[in-house]
$ cat protein30.csv   # CSV, C-alpha atoms and all ligand atoms
chain,number,residue,atom,x,y,z
A,1,MET,CA,-130.0,81.3,14.9
A,2,LEU,CA,-132.7,84.0,14.9
A,3,VAL,CA,-133.5,85.1,18.5
A,4,ASN,CA,-135.3,88.1,20.1
A,5,LEU,CA,-133.5,90.9,22.0
A,6,LYS,CA,-134.5,89.6,25.4
A,7,GLU,CA,-132.9,86.2,24.8
A,8,ILE,CA,-129.6,87.9,23.8
A,9,LEU,CA,-129.7,90.4,26.7
A,10,ASN,CA,-130.3,87.7,29.3
A,11,GLY,CA,-126.9,86.3,28.5
A,12,VAL,CA,-125.1,89.6,29.2
A,13,ALA,CA,-127.1,91.1,32.1
A,14,LYS,CA,-124.8,92.0,34.9
A,15,SER,CA,-121.8,90.7,32.9
A,16,ASP,CA,-118.7,92.4,31.8
A,17,SER,CA,-119.8,92.5,28.2
A,18,ALA,CA,-122.3,94.3,26.0
A,19,ILE,CA,-123.8,93.3,22.6
A,20,PRO,CA,-123.4,95.7,19.6
A,21,GLY,CA,-126.4,96.6,17.5
A,22,PHE,CA,-125.0,97.4,14.1
A,23,ASN,CA,-127.0,99.4,11.5
A,24,VAL,CA,-126.9,97.4,8.3
A,25,PHE,CA,-128.4,98.2,4.9
A,26,GLY,CA,-128.4,95.0,2.9
A,27,TYR,CA,-126.9,91.5,2.6
A,28,GLU,CA,-123.2,92.6,2.3
A,29,ASP,CA,-122.8,94.4,5.6
A,30,ALA,CA,-125.2,92.1,7.4
A,31,ILE,CA,-123.2,88.9,6.5
A,32,ALA,CA,-120.0,90.7,7.3
A,33,VAL,CA,-121.2,91.5,10.8
A,34,VAL,CA,-122.4,88.0,11.3
A,35,ARG,CA,-119.1,86.6,10.2
A,36,ALA,CA,-117.4,88.8,12.8
A,37,ALA,CA,-119.8,87.5,15.5
A,38,GLU,CA,-119.1,83.9,14.4
A,39,GLU,CA,-115.3,84.5,14.6
A,40,LEU,CA,-115.8,85.5,18.3
A,41,ASN,CA,-118.7,83.0,18.9
A,42,ALA,CA,-120.7,85.9,20.2
A,43,PRO,CA,-124.3,87.1,19.7
A,44,VAL,CA,-125.0,90.2,17.7
A,45,ILE,CA,-127.9,92.5,16.7
A,46,LEU,CA,-128.6,93.5,13.1
A,47,MET,CA,-130.5,96.8,12.9
A,48,THR,CA,-132.7,98.5,10.3
A,49,ASN,CA,-133.1,102.2,10.3
A,50,LYS,CA,-135.3,104.6,8.4
A,51,VAL,CA,-132.8,105.2,5.7
A,52,ALA,CA,-132.7,101.4,5.0
A,53,VAL,CA,-136.5,101.3,4.9
A,54,SER,CA,-136.6,104.2,2.5
A,55,HIS,CA,-134.4,102.2,0.1
A,56,MET,CA,-136.0,98.7,0.5
A,57,SER,CA,-139.4,97.7,1.9
A,58,ILE,CA,-139.4,96.3,5.5
A,59,GLU,CA,-140.8,93.0,4.1
A,60,ILE,CA,-137.7,92.5,1.8
A,61,LEU,CA,-135.3,93.7,4.5
A,62,ALA,CA,-136.9,91.2,6.9
A,63,LYS,CA,-136.4,88.3,4.4
A,64,ILE,CA,-132.7,89.2,3.9
A,65,LEU,CA,-131.8,89.9,7.5
A,66,CYS,CA,-133.8,87.0,9.0
A,67,GLY,CA,-132.3,84.7,6.4
A,68,VAL,CA,-128.8,85.7,7.4
A,69,ALA,CA,-129.7,85.3,11.1
A,70,GLU,CA,-131.3,81.9,10.6
A,71,ASN,CA,-128.2,80.6,8.9
A,72,ALA,CA,-125.8,82.0,11.4
A,73,LYS,CA,-123.9,79.8,13.9
A,74,VAL,CA,-124.4,82.3,16.6
A,75,SER,CA,-127.5,84.0,18.1
A,76,VAL,CA,-128.6,87.0,15.9
A,77,CYS,CA,-131.4,89.4,16.7
A,78,VAL,CA,-133.1,91.4,13.9
A,79,HIS,CA,-134.1,94.8,15.3
A,80,LEU,CA,-136.0,97.8,13.9
A,81,ASP,CA,-134.2,100.9,15.1
A,82,HIS,CA,-135.7,104.3,16.0
A,83,ALA,CA,-139.2,103.7,14.8
A,84,THR,CA,-141.6,106.5,15.5
A,85,GLU,CA,-144.7,105.0,13.8
A,86,TYR,CA,-146.9,102.2,15.2
A,87,GLU,CA,-147.8,101.1,11.7
A,88,LEU,CA,-144.1,100.5,10.7
A,89,ILE,CA,-143.6,98.6,13.9
A,90,ALA,CA,-146.6,96.4,13.2
A,91,LYS,CA,-145.4,95.7,9.7
A,92,ALA,CA,-141.9,94.8,11.0
A,93,ILE,CA,-143.3,92.4,13.5
A,94,LYS,CA,-145.5,90.7,10.9
A,95,ALA,CA,-142.5,90.5,8.5
A,96,GLY,CA,-140.4,88.6,11.1
A,97,TYR,CA,-138.4,91.2,13.1
A,98,THR,CA,-137.6,89.9,16.6
A,99,SER,CA,-137.1,93.2,18.3
A,100,VAL,CA,-138.3,96.8,17.7
A,101,MET,CA,-137.5,100.2,19.1
A,102,TYR,CA,-140.2,102.7,19.7
A,103,ASP,CA,-138.5,106.1,19.8
A,104,GLY,CA,-140.8,108.6,21.6
A,105,SER,CA,-137.9,110.7,22.7
A,106,GLN,CA,-139.2,113.8,21.0
A,107,LEU,CA,-142.6,113.5,22.6
A,108,PRO,CA,-143.8,114.8,26.0
A,109,PHE,CA,-143.0,112.2,28.8
A,110,GLU,CA,-146.6,111.0,29.3
A,111,GLU,CA,-147.2,110.6,25.6
A,112,ASN,CA,-143.9,108.7,25.2
A,113,ILE,CA,-145.0,106.3,28.0
A,114,ARG,CA,-148.5,105.8,26.5
A,115,ASN,CA,-147.3,105.1,23.0
A,116,THR,CA,-144.5,102.8,24.2
A,117,LYS,CA,-147.0,100.8,26.3
A,118,GLU,CA,-149.1,100.2,23.2
A,119,VAL,CA,-146.0,98.9,21.3
A,120,VAL,CA,-145.1,96.7,24.2
A,121,ARG,CA,-148.6,95.2,24.3
A,122,LEU,CA,-148.5,94.3,20.6
A,123,ALA,CA,-144.8,93.2,20.5
A,124,HIS,CA,-144.9,91.0,23.7
A,125,ALA,CA,-148.0,89.2,22.5
A,126,CYS,CA,-145.9,88.2,19.4
A,127,GLY,CA,-142.8,87.2,21.3
A,128,VAL,CA,-141.0,90.3,20.1
A,129,SER,CA,-138.8,92.5,22.4
A,130,VAL,CA,-139.1,96.3,22.8
A,131,GLU,CA,-136.6,99.0,23.3
A,132,GLY,CA,-137.8,102.4,24.5
A,133,GLU,CA,-135.9,105.8,24.9
A,134,ILE,CA,-136.0,108.3,27.6
A,135,GLY,CA,-134.2,111.6,27.4
A,136,ALA,CA,-133.1,112.1,23.8
A,137,VAL,CA,-129.8,111.3,22.1
A,138,GLY,CA,-129.5,114.1,19.5
A,139,TYR,CA,-127.4,114.4,16.4
A,140,SER,CA,-123.9,115.9,15.9
A,141,ASP,CA,-125.3,117.8,12.9
A,142,PRO,CA,-127.3,120.7,14.3
A,143,SER,CA,-129.1,121.3,10.9
A,144,LEU,CA,-131.1,118.1,11.7
A,145,LYS,CA,-132.8,120.0,14.5
A,146,VAL,CA,-133.5,116.9,16.7
A,147,ALA,CA,-133.7,118.0,20.3
A,148,ALA,CA,-131.1,116.4,22.6
A,149,ARG,CA,-131.8,116.0,26.3
A,150,TYR,CA,-129.9,114.1,29.0
A,151,THR,CA,-131.9,111.3,30.7
A,152,GLU,CA,-133.3,112.2,34.1
A,153,PRO,CA,-132.7,109.1,36.3
A,154,GLU,CA,-136.1,109.5,38.0
A,155,GLU,CA,-137.8,109.6,34.7
A,156,ALA,CA,-135.9,106.4,33.6
A,157,LYS,CA,-137.2,104.6,36.6
A,158,ILE,CA,-140.9,105.6,36.1
A,159,PHE,CA,-140.6,104.9,32.3
A,160,ALA,CA,-139.1,101.4,32.8
A,161,GLU,CA,-141.6,100.5,35.4
A,162,SER,CA,-144.7,101.7,33.6
A,163,THR,CA,-143.8,100.5,30.1
A,164,ARG,CA,-142.1,97.1,30.9
A,165,VAL,CA,-139.7,97.6,28.0
A,166,ASP,CA,-137.0,95.0,27.6
A,167,ALA,CA,-134.3,97.6,27.0
A,168,LEU,CA,-134.0,101.3,27.6
A,169,ALA,CA,-132.0,103.8,25.6
A,170,VAL,CA,-130.5,106.6,27.7
A,171,ALA,CA,-128.8,109.9,26.8
A,172,ILE,CA,-125.6,110.2,28.9
A,173,GLY,CA,-123.3,112.1,26.6
A,174,THR,CA,-123.3,110.6,23.1
A,175,LEU,CA,-124.6,112.1,19.9
A,176,HIS,CA,-125.5,110.3,16.7
A,177,ARG,CA,-123.1,110.3,13.7
A,178,MET,CA,-120.1,111.8,15.4
A,179,GLU,CA,-117.1,112.0,13.1
A,180,THR,CA,-114.5,111.6,15.9
A,181,GLN,CA,-114.5,109.5,19.1
A,182,GLU,CA,-114.8,112.3,21.6
A,183,ALA,CA,-118.1,111.8,23.5
A,184,VAL,CA,-117.9,112.7,27.1
A,185,ILE,CA,-119.7,110.0,29.1
A,186,GLN,CA,-121.6,111.1,32.2
A,187,TYR,CA,-120.8,108.1,34.4
A,188,ASP,CA,-122.4,109.7,37.5
A,189,ARG,CA,-125.7,110.0,35.6
A,190,LEU,CA,-125.3,106.3,34.5
A,191,GLU,CA,-124.7,105.2,38.0
A,192,THR,CA,-127.7,107.0,39.4
A,193,ILE,CA,-129.9,105.5,36.6
A,194,GLU,CA,-128.5,102.0,37.6
A,195,LYS,CA,-129.4,102.6,41.2
A,196,LEU,CA,-133.0,103.3,40.4
A,197,THR,CA,-133.7,100.7,37.7
A,198,ASP,CA,-132.3,97.3,36.7
A,199,VAL,CA,-133.6,97.4,33.1
A,200,SER,CA,-130.9,96.6,30.5
A,201,LEU,CA,-129.6,99.9,29.2
A,202,VAL,CA,-128.8,100.9,25.6
A,203,ILE,CA,-126.3,103.5,24.4
A,204,HIS,CA,-126.9,105.1,21.0
A,205,GLY,CA,-124.4,107.1,18.9
A,206,SER,CA,-121.6,104.8,19.9
A,207,THR,CA,-119.4,105.6,17.0
A,208,GLY,CA,-118.4,108.7,19.0
A,209,ILE,CA,-117.4,106.7,22.0
A,210,LYS,CA,-113.6,106.3,22.8
A,211,ASP,CA,-112.3,102.7,22.8
A,212,GLU,CA,-111.6,102.7,26.5
A,213,ASP,CA,-115.1,104.0,27.3
A,214,LEU,CA,-116.7,101.2,25.2
A,215,THR,CA,-114.9,98.7,27.4
A,216,LYS,CA,-115.8,100.6,30.6
A,217,LEU,CA,-119.4,101.0,29.6
A,218,SER,CA,-119.8,97.2,29.0
A,219,LYS,CA,-119.0,96.6,32.7
A,220,TYR,CA,-122.1,98.6,33.7
A,221,ASN,CA,-125.7,97.4,33.1
A,222,VAL,CA,-125.3,98.6,29.5
A,223,ALA,CA,-126.3,95.6,27.5
A,224,LYS,CA,-126.7,97.0,23.9
A,225,VAL,CA,-124.5,99.5,22.2
A,226,ASN,CA,-125.7,101.0,18.9
A,227,ILE,CA,-123.0,101.5,16.2
A,228,GLY,CA,-123.9,102.8,12.7
A,229,THR,CA,-121.6,105.5,11.3
A,230,ALA,CA,-118.3,103.6,12.0
A,231,LEU,CA,-119.3,100.7,9.7
A,232,ARG,CA,-120.9,102.8,7.1
A,233,ARG,CA,-117.7,104.8,6.9
A,234,VAL,CA,-115.5,101.7,6.5
A,235,PHE,CA,-117.8,100.3,3.8
A,236,GLY,CA,-118.1,103.5,1.8
A,237,ASN,CA,-114.5,104.5,2.0
A,238,THR,CA,-113.2,101.1,1.1
A,239,MET,CA,-115.6,100.9,-1.8
A,240,ARG,CA,-114.4,104.3,-3.1
A,241,GLU,CA,-110.8,103.0,-3.0
A,242,GLU,CA,-111.7,99.8,-4.7
A,243,ILE,CA,-113.4,101.6,-7.6
A,244,LYS,CA,-110.5,104.0,-8.0
A,245,ASN,CA,-107.9,101.3,-7.9
A,246,ASN,CA,-109.6,99.0,-10.4
A,247,PRO,CA,-110.7,101.1,-13.4
A,248,LYS,CA,-111.1,98.0,-15.6
A,249,GLU,CA,-113.4,96.2,-13.2
A,250,SER,CA,-117.2,96.7,-13.4
A,251,ASP,CA,-118.5,93.6,-11.5
A,252,ARG,CA,-120.3,94.8,-8.3
A,253,ILE,CA,-119.6,91.5,-6.6
A,254,ALA,CA,-115.9,92.1,-7.1
A,255,PHE,CA,-116.2,95.6,-5.7
A,256,PHE,CA,-118.0,94.3,-2.6
A,257,GLN,CA,-115.3,91.9,-1.4
A,258,LYS,CA,-112.9,94.3,0.2
A,259,PRO,CA,-115.5,96.5,1.9
A,260,MET,CA,-117.2,93.4,3.3
A,261,LEU,CA,-113.8,92.2,4.8
A,262,GLU,CA,-113.1,95.7,6.3
A,263,VAL,CA,-116.6,95.8,7.8
A,264,GLN,CA,-116.0,92.4,9.3
A,265,LYS,CA,-112.7,93.6,10.8
A,266,GLU,CA,-114.3,96.8,12.2
A,267,ALA,CA,-117.3,94.9,13.7
A,268,LYS,CA,-114.9,92.4,15.3
A,269,LYS,CA,-112.8,95.1,16.8
A,270,LYS,CA,-115.9,96.8,18.4
A,271,MET,CA,-117.1,93.5,19.7
A,272,GLU,CA,-113.8,92.8,21.4
A,273,LEU,CA,-113.8,96.2,22.9
A,274,LEU,CA,-117.2,95.4,24.3
A,275,GLY,CA,-115.8,92.3,26.1
A,276,LEU,CA,-117.0,89.7,23.6
A,277,GLY,CA,-115.0,86.7,22.5
A,278,LYS,CA,-113.0,86.3,25.7
A,279,LYS,CA,-112.3,82.7,26.7
A,301,LIG,O1,-129.4,103.8,16.4
A,301,LIG,C1,-128.3,103.9,15.9
A,301,LIG,C2,-127.1,104.3,16.5
A,301,LIG,O2,-127.4,105.1,17.6
A,301,LIG,C3,-125.9,104.7,15.7
A,301,LIG,O3,-125.2,105.8,16.0
A,301,LIG,O4,-124.2,106.2,13.8
A,301,LIG,O5,-123.5,107.5,15.7
A,301,LIG,O6,-122.9,105.1,15.6
A,301,LIG,P1,-123.9,106.2,15.3
A,302,ZN,ZN,-129.6,105.7,17.6
$ encode --input "protein30.csv" --output "C-alpha cells"
Amino acid sequence: MLVNLKEILNGVAKSDSAIPGFNVFGYEDAIAVVRAAEELNAPVILMTNKVAVSHMSIEILAKILCGVAENAKVSVCVHLDHATEYELIAKAIKAGYTSVMYDGSQLPFEENIRNTKEVVRLAHACGVSVEGEIGAVGYSDPSLKVAARYTEPEEAKIFAESTRVDALAVAIGTLHRMETQEAVIQYDRLETIEKLTDVSLVIHGSTGIKDEDLTKLSKYNVAKVNIGTALRRVFGNTMREEIKNNPKESDRIAFFQKPMLEVQKEAKKKMELLGLGKK
C-alpha cells in the first residue's frame, strides 16, 4: 500500500521503533526491501537519491517504486531524498512520490527556512509529506567538500515551527557513506533537541551507526533512519561474487537472485535493530 511519510510516522511517534528509509536504485533492491518489510509486517520507506535520478528519470523511477509500493502487503512510502531543487521536487510530486526532502543544509539559515516553506506549501497542498534538514550531515569522504555542522537545538525549534515540516533531519554525529560502524552519537544534543520540539526526527548516514545505537536511537523521537551504503555494499559485493563464481552464466536475472536475497536479509536485520517486527 502506497502511503505518505506522515501516515507512516504517526504509527511510530513516541514509540520504541523507527522506520528505515532505504536508498534504492531500481526494481531489484526495492522489491527486496519490501519483502523484508512484509516478513516483519512493518512499514518501510523507499528513497530515491540524485545518483538514481542521474541514471533513470524521476517519472520512470516513480512508476517502478510506486508500483512496488502499491502491490505491497505493508505500508510503503516513496520518498525523494536530499533534493536541492524546487523543480525536481515538483516533478517528483507530479510523478507520484508521496514524500520529499528539501535539503537546504548548505544554505544560510533564513534561506533554508524560506525555501523549505515554499516546498511545504506545494507538497502539503498535494497530500505529500516534507522532510527538512537543519545543521548539516556531511560526508566521510572529505574530497566531496560538503560542509558538516552539528544541529543547534534552538535552530531546530525555530526551523520546525516556522516551516511545519513533517520530519526533520538533524546532525548529531553521523556522516554519510561511512565504511565502518563507528559514528559517535551526541545523545545530549539529541535530548536537548527533543526538549525543544516534538517534530519527528530523522537520522542520515545511518550505515555508520553501531547496532546498539540504532536500537537506542529508535527509543527517542527518532522516527526515520536513512540507510544507503549498507545495502549498496551488500548488493554490489554479492553481485561481484556471483559473476566470479558463475563464469558460464550470462543471464542478468540469474545474477540478480543472490544479491536480492542478501539485500532482503540486511534490510530485515536493520529493521529488527530499529524495533520493528516485535510481537
Ligand atoms: O540520505 C541517505 C542516507 O543518509 C544514507 O546514508 O549511505 O551513509 O547510510 P548512508
Ligand atoms: Zn542523507
$ atom_distance --input "protein30.csv" --atom1 "CA of Thr215 in chain A" --atom2 "CA of Gly275 in chain A"
6.6 Å
$ closest_residue --input "protein30.csv" --among "A:Ile8, A:Met1, A:Val263, A:Ala52" --to "Ala167 in chain A" --atoms "all atoms listed in the file"
A:Ile8
$ residues_around --input "protein30.csv" --residues "Ala95 in chain A" --least-positions-apart "3" --cutoff "7 Å" --atoms "all atoms listed in the file" --output "list of chain:residue names"
A:Glu59, A:Ala62, A:Lys91, A:Ala92
$ closest_atom_pairs --input "protein30.csv" --of "chain A" --to "ligand LIG 301 (chain A)" --cutoff "6 Å" --atoms "all atoms listed in the file" --output "Markdown table"
| residue | atom | partner | partner_atom | distance |
| --- | --- | --- | --- | --- |
| A:Asp81 | CA | A:LIG301 | O1 | 5.8 |
| A:His176 | CA | A:LIG301 | O5 | 3.6 |
| A:Arg177 | CA | A:LIG301 | O5 | 3.5 |
| A:Met178 | CA | A:LIG301 | O5 | 5.5 |
| A:His204 | CA | A:LIG301 | O2 | 3.4 |
| A:Gly205 | CA | A:LIG301 | O3 | 3.3 |
| A:Ser206 | CA | A:LIG301 | O6 | 4.5 |
| A:Thr207 | CA | A:LIG301 | O6 | 3.8 |
| A:Asn226 | CA | A:LIG301 | C2 | 4.3 |
| A:Ile227 | CA | A:LIG301 | O6 | 3.7 |
| A:Gly228 | CA | A:LIG301 | O4 | 3.6 |
| A:Thr229 | CA | A:LIG301 | O4 | 3.7 |
$ closest_residue --input "protein30.csv" --among "A:Val33, A:Leu274, A:Val165, A:Met260" --to "Glu242 in chain A" --atoms "all atoms listed in the file"
A:Met260
$ residues_around --input "protein30.csv" --residues "Ala72 in chain A" --least-positions-apart "4" --cutoff "9 Å" --atoms "all atoms listed in the file" --output "ChimeraX atom specification"
/A:1-2,31,34-35,38,67-68,76
$ residues_around --input "protein30.csv" --residues "Ile193 in chain A" --least-positions-apart "6" --cutoff "12 Å" --atoms "only C-alpha atoms" --output "PyMOL selection string"
chain A and resi 134-135+150-160+168-172+186-187+199-202+220-222
$ write_last_selection --input "protein30.csv" --atoms "C-alpha atoms" --output "mmCIF file, in the coordinates of the input"
data_model
loop_
_atom_site.group_PDB
_atom_site.id
_atom_site.type_symbol
_atom_site.label_atom_id
_atom_site.label_comp_id
_atom_site.auth_asym_id
_atom_site.auth_seq_id
_atom_site.Cartn_x
_atom_site.Cartn_y
_atom_site.Cartn_z
ATOM 1 C CA ILE A 134 -136.000 108.300 27.600
ATOM 2 C CA GLY A 135 -134.200 111.600 27.400
ATOM 3 C CA TYR A 150 -129.900 114.100 29.000
ATOM 4 C CA THR A 151 -131.900 111.300 30.700
ATOM 5 C CA GLU A 152 -133.300 112.200 34.100
ATOM 6 C CA PRO A 153 -132.700 109.100 36.300
ATOM 7 C CA GLU A 154 -136.100 109.500 38.000
ATOM 8 C CA GLU A 155 -137.800 109.600 34.700
ATOM 9 C CA ALA A 156 -135.900 106.400 33.600
ATOM 10 C CA LYS A 157 -137.200 104.600 36.600
ATOM 11 C CA ILE A 158 -140.900 105.600 36.100
ATOM 12 C CA PHE A 159 -140.600 104.900 32.300
ATOM 13 C CA ALA A 160 -139.100 101.400 32.800
ATOM 14 C CA LEU A 168 -134.000 101.300 27.600
ATOM 15 C CA ALA A 169 -132.000 103.800 25.600
ATOM 16 C CA VAL A 170 -130.500 106.600 27.700
ATOM 17 C CA ALA A 171 -128.800 109.900 26.800
ATOM 18 C CA ILE A 172 -125.600 110.200 28.900
ATOM 19 C CA GLN A 186 -121.600 111.100 32.200
ATOM 20 C CA TYR A 187 -120.800 108.100 34.400
ATOM 21 C CA VAL A 199 -133.600 97.400 33.100
ATOM 22 C CA SER A 200 -130.900 96.600 30.500
ATOM 23 C CA LEU A 201 -129.600 99.900 29.200
ATOM 24 C CA VAL A 202 -128.800 100.900 25.600
ATOM 25 C CA TYR A 220 -122.100 98.600 33.700
ATOM 26 C CA ASN A 221 -125.700 97.400 33.100
ATOM 27 C CA VAL A 222 -125.300 98.600 29.500
#
$ closest_residue --input "protein30.csv" --among "A:Glu70, A:Asp16, A:Glu87, A:Glu131" --to "ligand ZN 302 (chain A)" --atoms "all atoms listed in the file"
A:Glu131
$ closest_residue --input "protein30.csv" --among "A:Glu28, A:Glu191, A:Glu133, A:Glu118" --to "ligand ZN 302 (chain A)" --atoms "only C-alpha atoms and all ligand atoms"
A:Glu133
$ closest_residue --input "protein30.csv" --among "A:Val12, A:Leu40, A:Ala123, A:Val146" --to "ligand ZN 302 (chain A)" --atoms "all atoms listed in the file"
A:Val146
$ residues_around --input "protein30.csv" --residues "Ile60 in chain A" --least-positions-apart "6" --cutoff "10 Å" --atoms "all atoms listed in the file" --output "list in words"
Gly26, Val53, Cys66 and Ala95 of chain A
$ closest_residue --input "protein30.csv" --among "A:Asn246, A:Ser162, A:Leu46, A:Lys270" --to "Lys210 in chain A" --atoms "only C-alpha atoms"
A:Lys270
$ atom_distance --input "protein30.csv" --atom1 "CA of Val128 in chain A" --atom2 "CA of Glu266 in chain A"
28.6 Å
$ residues_around --input "protein30.csv" --residues "Ala148 in chain A" --least-positions-apart "5" --cutoff "8 Å" --atoms "only C-alpha atoms" --output "PyMOL selection string"
chain A and resi 135-139
$ atom_distance --input "protein30.csv" --atom1 "CA of Leu65 in chain A" --atom2 "CA of Tyr27 in chain A"
7.1 Å
$ residues_near_point --input "protein30.csv" --point "(-130.0, 91.6, 25.4)" --cutoff "12 Å" --atoms "only C-alpha atoms" --output "PyMOL selection string"
chain A and resi 3-15+17-21+43-45+75-79+98-99+129-131+165-168+199-202+221-225
$ build_atoms --input "protein30.csv" --residues "range 115-128 of chain A" --atoms "N, CA and C atoms" --output "short mmCIF file (atom, residue, chain, number, x, y, z; two decimals), in the frame of the given file"
data_model
loop_
_atom_site.label_atom_id
_atom_site.label_comp_id
_atom_site.auth_asym_id
_atom_site.auth_seq_id
_atom_site.Cartn_x
_atom_site.Cartn_y
_atom_site.Cartn_z
N ASN A 115 -147.53 105.70 24.29
CA ASN A 115 -147.30 105.10 23.00
C ASN A 115 -146.37 103.83 23.15
N THR A 116 -145.37 103.95 24.01
CA THR A 116 -144.50 102.80 24.20
C THR A 116 -145.22 101.61 24.77
N LYS A 117 -146.15 101.89 25.69
CA LYS A 117 -147.00 100.80 26.30
C LYS A 117 -147.75 100.07 25.21
N GLU A 118 -148.30 100.82 24.28
CA GLU A 118 -149.10 100.20 23.20
C GLU A 118 -148.21 99.27 22.35
N VAL A 119 -146.98 99.74 22.07
CA VAL A 119 -146.00 98.90 21.30
C VAL A 119 -145.67 97.67 22.08
N VAL A 120 -145.45 97.83 23.39
CA VAL A 120 -145.10 96.70 24.20
C VAL A 120 -146.22 95.64 24.19
N ARG A 121 -147.45 96.12 24.28
CA ARG A 121 -148.60 95.20 24.30
C ARG A 121 -148.60 94.35 23.01
N LEU A 122 -148.45 95.01 21.87
CA LEU A 122 -148.50 94.30 20.60
C LEU A 122 -147.25 93.36 20.48
N ALA A 123 -146.07 93.91 20.73
CA ALA A 123 -144.80 93.20 20.50
C ALA A 123 -144.74 91.95 21.43
N HIS A 124 -144.99 92.15 22.71
CA HIS A 124 -144.90 91.00 23.70
C HIS A 124 -145.84 89.91 23.33
N ALA A 125 -147.02 90.27 22.83
CA ALA A 125 -148.00 89.20 22.50
C ALA A 125 -147.45 88.38 21.31
N CYS A 126 -146.50 88.93 20.55
CA CYS A 126 -145.90 88.20 19.40
C CYS A 126 -144.53 87.64 19.72
N GLY A 127 -144.10 87.74 20.97
CA GLY A 127 -142.80 87.20 21.30
C GLY A 127 -141.63 88.11 20.86
N VAL A 128 -141.97 89.37 20.58
CA VAL A 128 -141.00 90.30 20.10
C VAL A 128 -140.57 91.28 21.21
#
